[in-house]
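File shown here: structure27.cif, holding mmCIF, C-alpha atoms and all ligand atoms.
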data_run
#
loop_
_atom_site.label_atom_id
_atom_site.label_comp_id
_atom_site.auth_asym_id
_atom_site.auth_seq_id
_atom_site.Cartn_x
_atom_site.Cartn_y
_atom_site.Cartn_z
CA MET A 628 6.99 1.86 17.07
CA LYS A 629 3.39 0.75 16.91
CA TYR A 630 2.45 2.80 13.87
CA ILE A 631 5.63 2.48 11.80
CA TYR A 632 6.88 -0.34 9.59
CA GLY A 633 9.77 -0.72 7.21
CA PRO A 634 11.31 0.78 5.25
CA VAL A 635 9.68 -1.84 3.06
CA PRO A 636 10.57 -2.42 -0.57
CA SER A 637 7.75 -1.21 -2.76
CA ARG A 638 7.36 -1.89 -6.43
CA ARG A 639 6.40 1.75 -6.96
CA LEU A 640 7.89 3.79 -4.17
CA GLY A 641 11.41 2.45 -3.75
CA PHE A 642 12.04 2.20 0.00
CA SER A 643 8.93 3.29 1.77
CA LEU A 644 8.60 4.02 5.49
CA GLY A 645 5.07 2.86 6.21
CA VAL A 646 2.79 4.67 8.64
CA ASP A 647 -0.31 2.78 9.74
CA LEU A 648 -3.22 5.13 10.46
CA VAL A 649 -6.03 2.72 11.31
CA PRO A 650 -6.40 -0.58 13.18
CA TYR A 651 -6.08 -3.83 11.24
CA LYS A 652 -8.71 -4.24 8.50
CA THR A 653 -10.70 -1.10 9.25
CA CYS A 654 -11.81 -0.37 5.72
CA PRO A 655 -14.88 0.54 3.63
CA PHE A 656 -14.04 -2.38 1.32
CA ASP A 657 -13.50 -6.11 1.67
CA CYS A 658 -11.64 -6.79 -1.58
CA ILE A 659 -11.43 -10.36 -2.78
CA TYR A 660 -7.73 -9.89 -3.50
CA CYS A 661 -6.81 -8.29 -0.15
CA GLN A 662 -3.58 -9.76 1.20
CA LEU A 663 -4.43 -8.82 4.79
CA GLY A 664 -7.45 -11.08 5.33
CA LYS A 665 -11.17 -10.36 5.75
CA THR A 666 -12.30 -6.86 6.73
CA THR A 667 -13.24 -6.89 10.40
CA ASN A 668 -14.60 -3.34 10.60
CA LYS A 669 -16.31 -2.30 7.37
CA THR A 670 -17.05 1.38 7.84
CA VAL A 671 -17.15 4.79 6.15
CA THR A 672 -17.01 6.71 9.43
CA ARG A 673 -13.99 8.98 9.65
CA LYS A 674 -12.56 9.45 13.12
CA GLU A 675 -9.26 9.38 14.98
CA TYR A 676 -8.93 5.59 15.10
CA SER A 677 -5.29 5.98 16.12
CA THR A 678 -4.23 9.11 17.97
CA LYS A 679 -2.54 11.50 15.57
CA GLU A 680 -0.10 12.89 18.15
CA LYS A 681 1.15 9.37 18.95
CA ILE A 682 1.57 8.57 15.26
CA LEU A 683 3.53 11.79 14.74
CA ARG A 684 5.74 10.98 17.72
CA ASP A 685 6.57 7.57 16.22
CA VAL A 686 7.39 9.13 12.84
CA ALA A 687 9.60 11.78 14.46
CA GLU A 688 11.43 9.23 16.62
CA THR A 689 12.00 6.91 13.67
CA LEU A 690 13.43 9.69 11.55
CA ALA A 691 15.63 10.91 14.40
CA ALA A 692 16.96 7.38 14.99
CA SER A 693 17.68 6.77 11.33
CA GLN A 694 21.37 7.56 11.25
CA PRO A 695 23.87 6.02 8.84
CA LEU A 696 25.52 3.06 10.55
CA HIS A 697 28.99 4.08 9.42
CA CYS A 698 28.56 7.30 11.40
CA GLY A 699 27.98 5.30 14.56
CA GLY A 700 24.21 5.70 14.56
CA LYS A 701 22.04 3.06 16.12
CA GLY A 702 19.12 3.54 13.79
CA ARG A 703 17.42 0.84 11.79
CA ALA A 704 18.17 2.27 8.36
CA THR A 705 19.86 5.18 6.70
CA ASP A 706 17.57 8.17 6.35
CA LYS A 707 18.93 8.76 2.84
CA LYS A 708 17.41 5.52 1.63
CA ILE A 709 13.83 6.29 2.64
CA ASP A 710 12.24 7.43 -0.61
CA TYR A 711 8.76 8.06 0.76
CA ILE A 712 6.92 8.30 4.04
CA THR A 713 3.82 6.40 3.07
CA LEU A 714 0.50 6.80 4.85
CA ALA A 715 -1.15 3.44 4.35
CA GLY A 716 -1.10 0.31 6.48
CA SER A 717 -3.49 -2.42 7.39
CA GLY A 718 -6.73 -0.66 6.46
CA GLU A 719 -7.90 2.51 4.70
CA PRO A 720 -5.77 5.44 5.94
CA THR A 721 -8.19 8.20 4.91
CA LEU A 722 -10.64 6.91 7.53
CA ASN A 723 -8.37 8.55 10.11
CA SER A 724 -9.71 12.08 10.53
CA GLY A 725 -6.23 13.20 11.61
CA ILE A 726 -4.63 12.53 8.21
CA GLY A 727 -4.57 16.18 7.09
CA TRP A 728 -3.01 17.33 10.37
CA LEU A 729 -0.43 14.54 10.14
CA ILE A 730 0.63 15.41 6.59
CA LYS A 731 1.07 19.03 7.67
CA GLU A 732 3.05 18.14 10.80
CA ILE A 733 5.28 15.54 9.10
CA LYS A 734 6.14 18.15 6.47
CA LYS A 735 7.49 20.35 9.28
CA ILE A 736 10.03 17.73 10.43
CA THR A 737 11.31 16.21 7.18
CA GLN A 738 11.80 16.94 3.51
CA THR A 739 11.08 13.33 2.56
CA SER A 740 8.12 13.12 0.21
CA ILE A 741 4.78 11.94 1.57
CA ALA A 742 2.64 9.44 -0.30
CA VAL A 743 -0.91 8.40 0.54
CA LEU A 744 -2.14 4.99 -0.61
CA THR A 745 -5.93 4.95 -0.65
CA ASN A 746 -8.71 2.88 -2.10
CA GLY A 747 -10.35 6.19 -3.10
CA SER A 748 -13.63 5.21 -1.47
CA LEU A 749 -13.98 8.46 0.48
CA LEU A 750 -12.79 11.02 -2.07
CA TRP A 751 -16.37 12.17 -2.57
CA ASP A 752 -15.88 13.90 0.81
CA LYS A 753 -14.75 17.46 0.07
CA SER A 754 -13.13 17.93 3.46
CA LEU A 755 -10.99 14.82 2.96
CA ARG A 756 -9.91 16.04 -0.47
CA GLN A 757 -8.78 19.30 1.15
CA GLU A 758 -6.83 17.40 3.81
CA LEU A 759 -4.82 15.54 1.18
CA LEU A 760 -3.73 18.62 -0.76
CA LEU A 761 -0.28 18.85 0.90
CA ALA A 762 0.72 15.27 0.05
CA ASP A 763 3.32 14.86 -2.70
CA LEU A 764 1.81 11.76 -4.19
CA VAL A 765 -1.61 10.16 -3.89
CA VAL A 766 -2.12 6.64 -5.20
CA PRO A 767 -5.83 5.88 -5.37
CA SER A 768 -7.01 2.52 -6.57
CA LEU A 769 -9.97 1.97 -8.85
CA ASP A 770 -10.86 -1.60 -9.71
CA ALA A 771 -14.20 -1.18 -11.48
CA VAL A 772 -16.20 1.18 -13.64
CA THR A 773 -19.55 -0.57 -13.44
CA GLU A 774 -21.55 -1.21 -10.30
CA ASN A 775 -21.80 -4.99 -10.51
CA VAL A 776 -18.05 -5.39 -11.04
CA PHE A 777 -17.43 -2.95 -8.17
CA LYS A 778 -19.52 -5.09 -5.83
CA SER A 779 -17.88 -8.32 -7.00
CA ILE A 780 -14.31 -7.19 -6.53
CA ASN A 781 -14.41 -4.65 -3.68
CA CYS A 782 -17.42 -5.88 -1.64
CA PRO A 783 -17.98 -2.27 -0.49
CA HIS A 784 -19.82 -0.72 2.44
CA GLN A 785 -23.53 -0.51 1.62
CA SER A 786 -23.52 3.30 1.44
CA LEU A 787 -21.02 3.38 -1.44
CA ASP A 788 -21.61 3.17 -5.15
CA ILE A 789 -19.07 3.36 -7.94
CA ASN A 790 -20.45 6.55 -9.50
CA LYS A 791 -20.00 8.41 -6.23
CA ILE A 792 -16.39 7.23 -6.03
CA ILE A 793 -15.60 8.08 -9.65
CA LYS A 794 -17.08 11.57 -9.18
CA GLY A 795 -14.85 12.04 -6.12
CA LEU A 796 -11.77 10.99 -8.09
CA LYS A 797 -12.53 13.46 -10.85
CA GLU A 798 -13.05 16.28 -8.35
CA PHE A 799 -9.80 15.37 -6.61
CA ARG A 800 -7.88 15.51 -9.88
CA LYS A 801 -9.15 19.07 -10.44
CA GLU A 802 -8.14 20.20 -6.96
CA PHE A 803 -4.87 18.31 -6.34
CA LYS A 804 -1.81 19.88 -7.96
CA ASN A 805 0.74 17.16 -7.15
CA THR A 806 1.11 13.64 -8.53
CA ILE A 807 -1.65 11.05 -8.86
CA TRP A 808 -0.94 7.46 -9.83
CA LEU A 809 -4.11 5.51 -10.40
CA GLU A 810 -3.77 1.84 -9.57
CA ILE A 811 -6.01 -0.76 -11.15
CA MET A 812 -5.90 -4.23 -9.64
CA LEU A 813 -6.94 -6.72 -12.27
CA VAL A 814 -8.41 -10.06 -11.27
CA LYS A 815 -8.90 -12.77 -13.84
CA GLY A 816 -12.52 -13.22 -14.87
CA VAL A 817 -13.75 -10.44 -12.55
CA ASN A 818 -12.80 -7.02 -13.98
CA ASP A 819 -10.85 -7.88 -17.14
CA SER A 820 -13.69 -8.24 -19.66
CA LYS A 821 -13.36 -6.36 -22.95
CA GLU A 822 -16.31 -4.12 -22.02
CA GLU A 823 -14.94 -3.17 -18.60
CA ILE A 824 -11.45 -2.51 -20.00
CA GLU A 825 -12.90 -0.21 -22.69
CA LYS A 826 -14.85 1.67 -20.03
CA PHE A 827 -11.67 1.99 -17.95
CA LYS A 828 -9.88 3.54 -20.91
CA ASN A 829 -12.57 6.19 -21.39
CA LEU A 830 -12.63 6.94 -17.71
CA ILE A 831 -8.85 7.30 -17.48
CA SER A 832 -8.96 9.97 -20.17
CA GLU A 833 -11.51 11.85 -18.05
CA ILE A 834 -9.69 11.48 -14.71
CA ARG A 835 -6.25 12.25 -16.22
CA PRO A 836 -3.95 10.69 -13.57
CA ASP A 837 -0.21 11.27 -14.03
CA LYS A 838 0.27 7.52 -14.39
CA VAL A 839 -1.82 4.39 -14.46
CA HIS A 840 -0.39 1.35 -12.71
CA LEU A 841 -1.66 -2.07 -13.58
CA ASN A 842 -1.39 -4.62 -10.83
CA THR A 843 -2.63 -8.14 -10.37
CA VAL A 844 -2.95 -10.73 -7.62
CA VAL A 845 0.70 -11.40 -6.81
CA ARG A 846 0.33 -12.12 -3.09
CA PRO A 847 -1.95 -14.64 -1.39
CA PRO A 848 -5.50 -13.22 -1.58
CA THR A 849 -8.28 -13.44 1.00
CA ASP A 850 -10.52 -15.15 -1.53
CA LYS A 851 -8.67 -18.10 -3.00
CA SER A 852 -10.74 -17.79 -6.20
CA ALA A 853 -9.00 -14.47 -7.03
CA HIS A 854 -6.40 -15.27 -9.69
CA PRO A 855 -3.81 -13.12 -11.45
CA LEU A 856 -3.75 -12.11 -15.10
CA SER A 857 -0.80 -13.31 -17.14
CA ILE A 858 1.96 -10.84 -17.93
CA GLU A 859 0.98 -11.04 -21.61
CA LYS A 860 -2.60 -10.02 -20.82
CA LEU A 861 -1.42 -7.19 -18.57
CA GLU A 862 0.87 -5.91 -21.32
CA GLU A 863 -1.94 -6.08 -23.85
CA ILE A 864 -4.12 -3.93 -21.58
CA ARG A 865 -1.21 -1.58 -20.90
CA ASP A 866 -0.72 -1.04 -24.63
CA PHE A 867 -4.45 -0.45 -25.07
CA PHE A 868 -4.50 2.16 -22.26
CA GLY A 869 -1.61 4.12 -23.76
CA GLU A 870 1.74 5.59 -22.86
CA ASN A 871 1.21 6.78 -19.29
CA CYS A 872 0.24 3.27 -18.25
CA GLU A 873 2.66 0.70 -16.89
CA VAL A 874 2.62 -2.75 -15.43
CA ILE A 875 4.18 -2.56 -12.00
CA ALA A 876 7.55 -4.25 -12.39
CA GLU A 877 9.11 -6.61 -9.90
CA PHE A 878 11.03 -4.74 -7.27
CA LYS A 879 14.77 -4.44 -7.78
CA ARG A 880 16.86 -2.11 -5.66
CA GLU A 881 20.16 -2.05 -3.87
CA LYS A 882 20.08 -3.41 -0.36
CA GLN A 883 19.53 -1.39 2.79
CA ALA A 884 22.39 -1.02 5.24
CA ASP A 885 22.49 -3.78 7.81
CA PHE A 886 20.51 -3.36 10.99
CA SER A 887 22.33 -2.78 14.18
CA GLU A 888 20.02 -4.49 16.65
CA ASP A 889 17.32 -7.05 17.17
CA ILE A 890 17.20 -8.49 13.69
CA GLU A 891 14.56 -11.06 14.48
CA GLN A 892 12.17 -8.40 15.77
CA ALA A 893 12.71 -6.31 12.65
CA ILE A 894 11.81 -9.32 10.51
CA ILE A 895 8.70 -10.02 12.57
CA GLU A 896 7.58 -6.40 12.26
CA LEU A 897 7.78 -6.66 8.47
CA ILE A 898 5.92 -9.96 8.36
CA LYS A 899 3.21 -8.67 10.70
CA ARG A 900 2.13 -6.13 8.09
CA ARG A 901 1.74 -8.40 5.11
CA PRO A 902 2.97 -11.70 3.72
CA VAL A 903 6.49 -11.31 2.35
CA THR A 904 8.97 -13.41 0.41
CA LEU A 905 12.56 -14.02 1.36
CA SER A 906 13.57 -11.55 -1.36
CA ASP A 907 11.26 -8.87 0.07
CA ILE A 908 12.90 -9.22 3.49
CA ASN A 909 16.34 -9.38 1.95
CA ASN A 910 15.75 -6.20 -0.08
CA SER A 911 14.27 -4.35 2.85
CA LEU A 912 16.63 -5.30 5.64
CA GLY A 913 19.81 -5.87 3.67
CA ILE A 914 20.46 -9.17 5.45
CA HIS A 915 21.94 -12.04 3.50
CA ARG A 916 19.41 -14.77 2.61
CA ASN A 917 21.40 -17.49 4.41
CA GLU A 918 21.40 -15.38 7.53
CA LEU A 919 17.70 -14.62 7.15
CA ILE A 920 16.78 -18.29 6.87
CA LYS A 921 18.19 -18.91 10.36
CA TYR A 922 15.97 -16.22 11.84
CA LEU A 923 12.94 -17.37 9.87
CA GLU A 924 13.41 -20.97 10.96
CA SER A 925 13.71 -19.87 14.56
CA SER A 926 10.54 -17.72 14.31
CA GLU A 927 8.70 -20.60 12.67
CA LYS A 928 9.77 -22.97 15.42
CA SER A 929 8.57 -20.57 18.07
CA ASN A 930 5.23 -20.36 16.22
CA ARG A 931 5.40 -16.65 15.50
CA ILE A 932 5.28 -17.01 11.73
CA LYS A 933 4.22 -19.59 9.15
CA LYS A 934 5.19 -20.40 5.60
CA THR A 935 2.59 -20.45 2.80
CA ASN A 936 2.84 -21.20 -0.88
CA TYR A 937 1.02 -19.14 -3.48
CA GLU A 938 1.44 -19.69 -7.23
CA GLY A 939 4.68 -21.52 -6.52
CA VAL A 940 6.20 -18.72 -4.42
CA THR A 941 6.87 -19.08 -0.69
CA TYR A 942 5.55 -16.32 1.57
CA TYR A 943 6.05 -15.78 5.28
CA GLU A 944 2.99 -14.75 7.26
CA TYR A 945 2.47 -13.68 10.86
CA LYS A 946 0.54 -16.23 12.94
S1 LIG B 1 -9.06 -1.51 0.16
FE1 LIG B 1 -7.07 -2.37 0.64
S2 LIG B 1 -7.17 -2.88 2.85
FE2 LIG B 1 -9.26 -2.53 2.15
S3 LIG B 1 -10.00 -4.59 1.66
FE3 LIG B 1 -9.22 -3.67 -0.24
S4 LIG B 1 -7.12 -4.33 -0.41
FE4 LIG B 1 -7.75 -4.72 1.70
#
Let's see the structure in the file written out as structure tokens.
Amino acid sequence: MKYIYGPVPSRRLGFSLGVDLVPYKTCPFDCIYCQLGKTTNKTVTRKEYSTKEKILRDVAETLAASQPLHCGGKGRATDKKIDYITLAGSGEPTLNSGIGWLIKEIKKITQTSIAVLTNGSLLWDKSLRQELLLADLVVPSLDAVTENVFKSINCPHQSLDINKIIKGLKEFRKEFKNTIWLEIMLVKGVNDSKEEIEKFKNLISEIRPDKVHLNTVVRPPTDKSAHPLSIEKLEEIRDFFGENCEVIAEFKREKQADFSEDIEQAIIELIKRRPVTLSDINNSLGIHRNELIKYLESSEKSNRIKKTNYEGVTYYEYK
């Protein structure tokens, strides 16, 4: 399943079956806080980076295989526990020109809601906005209001400017009838000045997302100088933004049913996508921590993964 990962525990989406639409780090941005590493293909060109029919086949096969274990199924997880099919992955999913077709086709085979996680960089493109209209939830990020902050935090493709992106977001809000959660990633000393935060507040009242999610650097960033805001500071900004704003809480959910086969490979597939903690793997795969440690030690010994420490928390990364 080249294009599928998870279900992974998500702080916002519950258990999310990830669908990866573009090759690793194909993105119009190179954010200093990115947990995936440096952007290797910085582009705004939309094309079928990964073949849409093959992606759809992987989604369909995953859903078909997802049978409850107590019914004798051999699937990796119970279908009931997938809260969202999430178009996202290891780059910017809206770069894939097949995204509209995929949303339409996935809707034909499942009633599970579809979410799109995007950096919002291409929403100025009217045809893309049209393609996203059938999604149930779109989560665009917006990390800056002013141009210099935009460049500092997102290191964007040279053709982009923040006004173009903000205009696209406003247009999208007018056209899209389903749910929009606007995510703001706050980085200490970069986009958290009083002036920028006040500008954010004004802009939010113009864009009118259903919710605003405040996030900060909780996983190891590409640029080691990107630091998180304290919870107190995040809460202060949340209160300033108003009632539809929330700080994304730590993930807490009941465990997934146990996997039936090839546990080590399932763990590796998770780790390949992004650095994860023992709790993340535990929540996602429903495997006891003591059991997990055996697999992790074995994968470390065979040089497939490595352990890193960030802000006192241990993460497992793919090597
Ligand atoms: S938009 Fe997302 S994938 Fe692209 S560089 Fe930023 S954090 Fe990484």
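CA of Thr721 in chain A is positioned 11.0 Å from CA of Ser754 in chain A.
Minimum distance to Val671 in chain A across A:Gly725, A:Pro783, A:Gly645, A:Pro767 (counting all atoms listed in the file) occurs at A:Pro783.
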For Leu755 in chain A, please output as a short mmCIF file (atom, residue, chain, number, x, y, z; two decimals) with C-alpha atoms, in the frame of the given file all residues within 8 Å (counting all atoms listed in the file; exclusion window: fewer than 4 positions along the same chain).
data_model
loop_
_atom_site.label_atom_id
_atom_site.label_comp_id
_atom_site.auth_asym_id
_atom_site.auth_seq_id
_atom_site.Cartn_x
_atom_site.Cartn_y
_atom_site.Cartn_z
CA THR A 721 -8.19 8.20 4.91
CA GLY A 727 -4.57 16.18 7.09
CA LEU A 749 -13.98 8.46 0.48
CA LEU A 750 -12.79 11.02 -2.07
CA LEU A 759 -4.82 15.54 1.18
#
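Residue nearest Asn746 in chain A within the list A:Tyr943, A:Phe656, A:Tyr676, A:Phe777: A:Phe656 [criterion: smallest interatomic distance, only C-alpha atoms].
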As an MDAnalysis selection string, please: the residues near Gly633 in chain A (cut-off 12 Å, all atoms listed in the file, same-chain neighbours under 2 positions excluded). chainID A and resid 628:631 635:637 641:647 686 689:690 693 703:706 708:713 716 883 886 892:901 907:908 910:913
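Atom pair CA of Ser724 in chain A / CA of Arg673 in chain A has a distance of 5.4 Å (rounded to one decimal).
From CA of Leu729 in chain A back to CA of Gly795 in chain A, the distance works out to 21.9 Å.
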With 7 Å as the cut-off and all atoms listed in the file counted, what is the closest atom pair between each nearby residue of chain A and ligand LIG 1 (chain B)? Distances in Å to one decimal, ordered by chain and number, as JSON lines.
{"residue": "A:Lys652", "atom": "CA", "partner": "B:LIG1", "partner_atom": "S2", "distance": 6.0}
{"residue": "A:Cys654", "atom": "CA", "partner": "B:LIG1", "partner_atom": "FE2", "distance": 4.9}
{"residue": "A:Pro655", "atom": "CA", "partner": "B:LIG1", "partner_atom": "FE2", "distance": 6.6}
{"residue": "A:Phe656", "atom": "CA", "partner": "B:LIG1", "partner_atom": "S3", "distance": 4.6}
{"residue": "A:Asp657", "atom": "CA", "partner": "B:LIG1", "partner_atom": "S3", "distance": 3.8}
{"residue": "A:Cys658", "atom": "CA", "partner": "B:LIG1", "partner_atom": "FE3", "distance": 4.2}
{"residue": "A:Tyr660", "atom": "CA", "partner": "B:LIG1", "partner_atom": "S4", "distance": 6.4}
{"residue": "A:Cys661", "atom": "CA", "partner": "B:LIG1", "partner_atom": "S4", "distance": 4.0}
{"residue": "A:Gln662", "atom": "CA", "partner": "B:LIG1", "partner_atom": "FE4", "distance": 6.6}
{"residue": "A:Leu663", "atom": "CA", "partner": "B:LIG1", "partner_atom": "FE4", "distance": 6.1}
{"residue": "A:Thr666", "atom": "CA", "partner": "B:LIG1", "partner_atom": "S3", "distance": 6.0}
{"residue": "A:Ser717", "atom": "CA", "partner": "B:LIG1", "partner_atom": "S2", "distance": 5.9}
{"residue": "A:Gly718", "atom": "CA", "partner": "B:LIG1", "partner_atom": "S2", "distance": 4.3}
{"residue": "A:Glu719", "atom": "CA", "partner": "B:LIG1", "partner_atom": "S2", "distance": 5.7}
{"residue": "A:Asn746", "atom": "CA", "partner": "B:LIG1", "partner_atom": "S1", "distance": 4.9}
{"residue": "A:Asn781", "atom": "CA", "partner": "B:LIG1", "partner_atom": "FE3", "distance": 6.3}
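Of the residues under consideration (A:Ser857, A:Ser929, A:Gln757, A:Ser748), A:Ser748 shows the shortest atom-to-atom contact distance to Asn790 in chain A when counting all atoms listed in the file.
Distance annotation: of A:Arg846, A:Ile682, A:His854, A:Ser925, the residue with the minimal separation from Thr941 in chain A is A:Arg846; atom set is all atoms listed in the file.
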Please enclose the listed atoms of range 774-780 of chain A in an axis-aligned box, pad each side by 4 Å, and write out the centre and the three edge lengths in Å, rounded to one decimal, as AutoDock Vina command-line options.
--center_x -18.1 --center_y -4.8 --center_z -8.4 --size_x 15.5 --size_y 15.1 --size_z 13.2
Set the distance at 9 Å and use only C-alpha atoms: which residues neighbour Ile792 in chain A once local chain neighbours fewer than 4 positions away are removed? I'd like the list as a ChimeraX atom specification. /A:747-751,769,787-788,796-797
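Between Asp752 in chain A and the candidates A:Thr672, A:Thr806, A:Ser926, A:Ser779, the tightest atom-to-atom separation, counting all atoms listed in the file, involves A:Thr672.
Candidate residues A:Val874, A:Thr653, A:Leu683, A:Leu861 were compared for distance to Ile730 in chain A, and the nearest is A:Leu683, using all atoms listed in the file.
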Hey, what's within 12 Å of Leu856 in chain A if we count all atoms listed in the file and toss same-chain stuff fewer than 4 positions away? As an mmCIF file with C-alpha atoms, keeping the file's coordinate frame, please?
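In the end it all went to out-v6.cif:
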data_model
loop_
_atom_site.group_PDB
_atom_site.id
_atom_site.type_symbol
_atom_site.label_atom_id
_atom_site.label_comp_id
_atom_site.auth_asym_id
_atom_site.auth_seq_id
_atom_site.Cartn_x
_atom_site.Cartn_y
_atom_site.Cartn_z
ATOM 1 C CA MET A 812 -5.900 -4.230 -9.640
ATOM 2 C CA LEU A 813 -6.940 -6.720 -12.270
ATOM 3 C CA VAL A 814 -8.410 -10.060 -11.270
ATOM 4 C CA LYS A 815 -8.900 -12.770 -13.840
ATOM 5 C CA GLY A 816 -12.520 -13.220 -14.870
ATOM 6 C CA VAL A 817 -13.750 -10.440 -12.550
ATOM 7 C CA ASN A 818 -12.800 -7.020 -13.980
ATOM 8 C CA ASP A 819 -10.850 -7.880 -17.140
ATOM 9 C CA SER A 820 -13.690 -8.240 -19.660
ATOM 10 C CA LEU A 841 -1.660 -2.070 -13.580
ATOM 11 C CA ASN A 842 -1.390 -4.620 -10.830
ATOM 12 C CA THR A 843 -2.630 -8.140 -10.370
ATOM 13 C CA VAL A 844 -2.950 -10.730 -7.620
ATOM 14 C CA VAL A 845 0.700 -11.400 -6.810
ATOM 15 C CA LYS A 860 -2.600 -10.020 -20.820
ATOM 16 C CA LEU A 861 -1.420 -7.190 -18.570
ATOM 17 C CA GLU A 862 0.870 -5.910 -21.320
ATOM 18 C CA GLU A 863 -1.940 -6.080 -23.850
ATOM 19 C CA ILE A 864 -4.120 -3.930 -21.580
ATOM 20 C CA VAL A 874 2.620 -2.750 -15.430
#
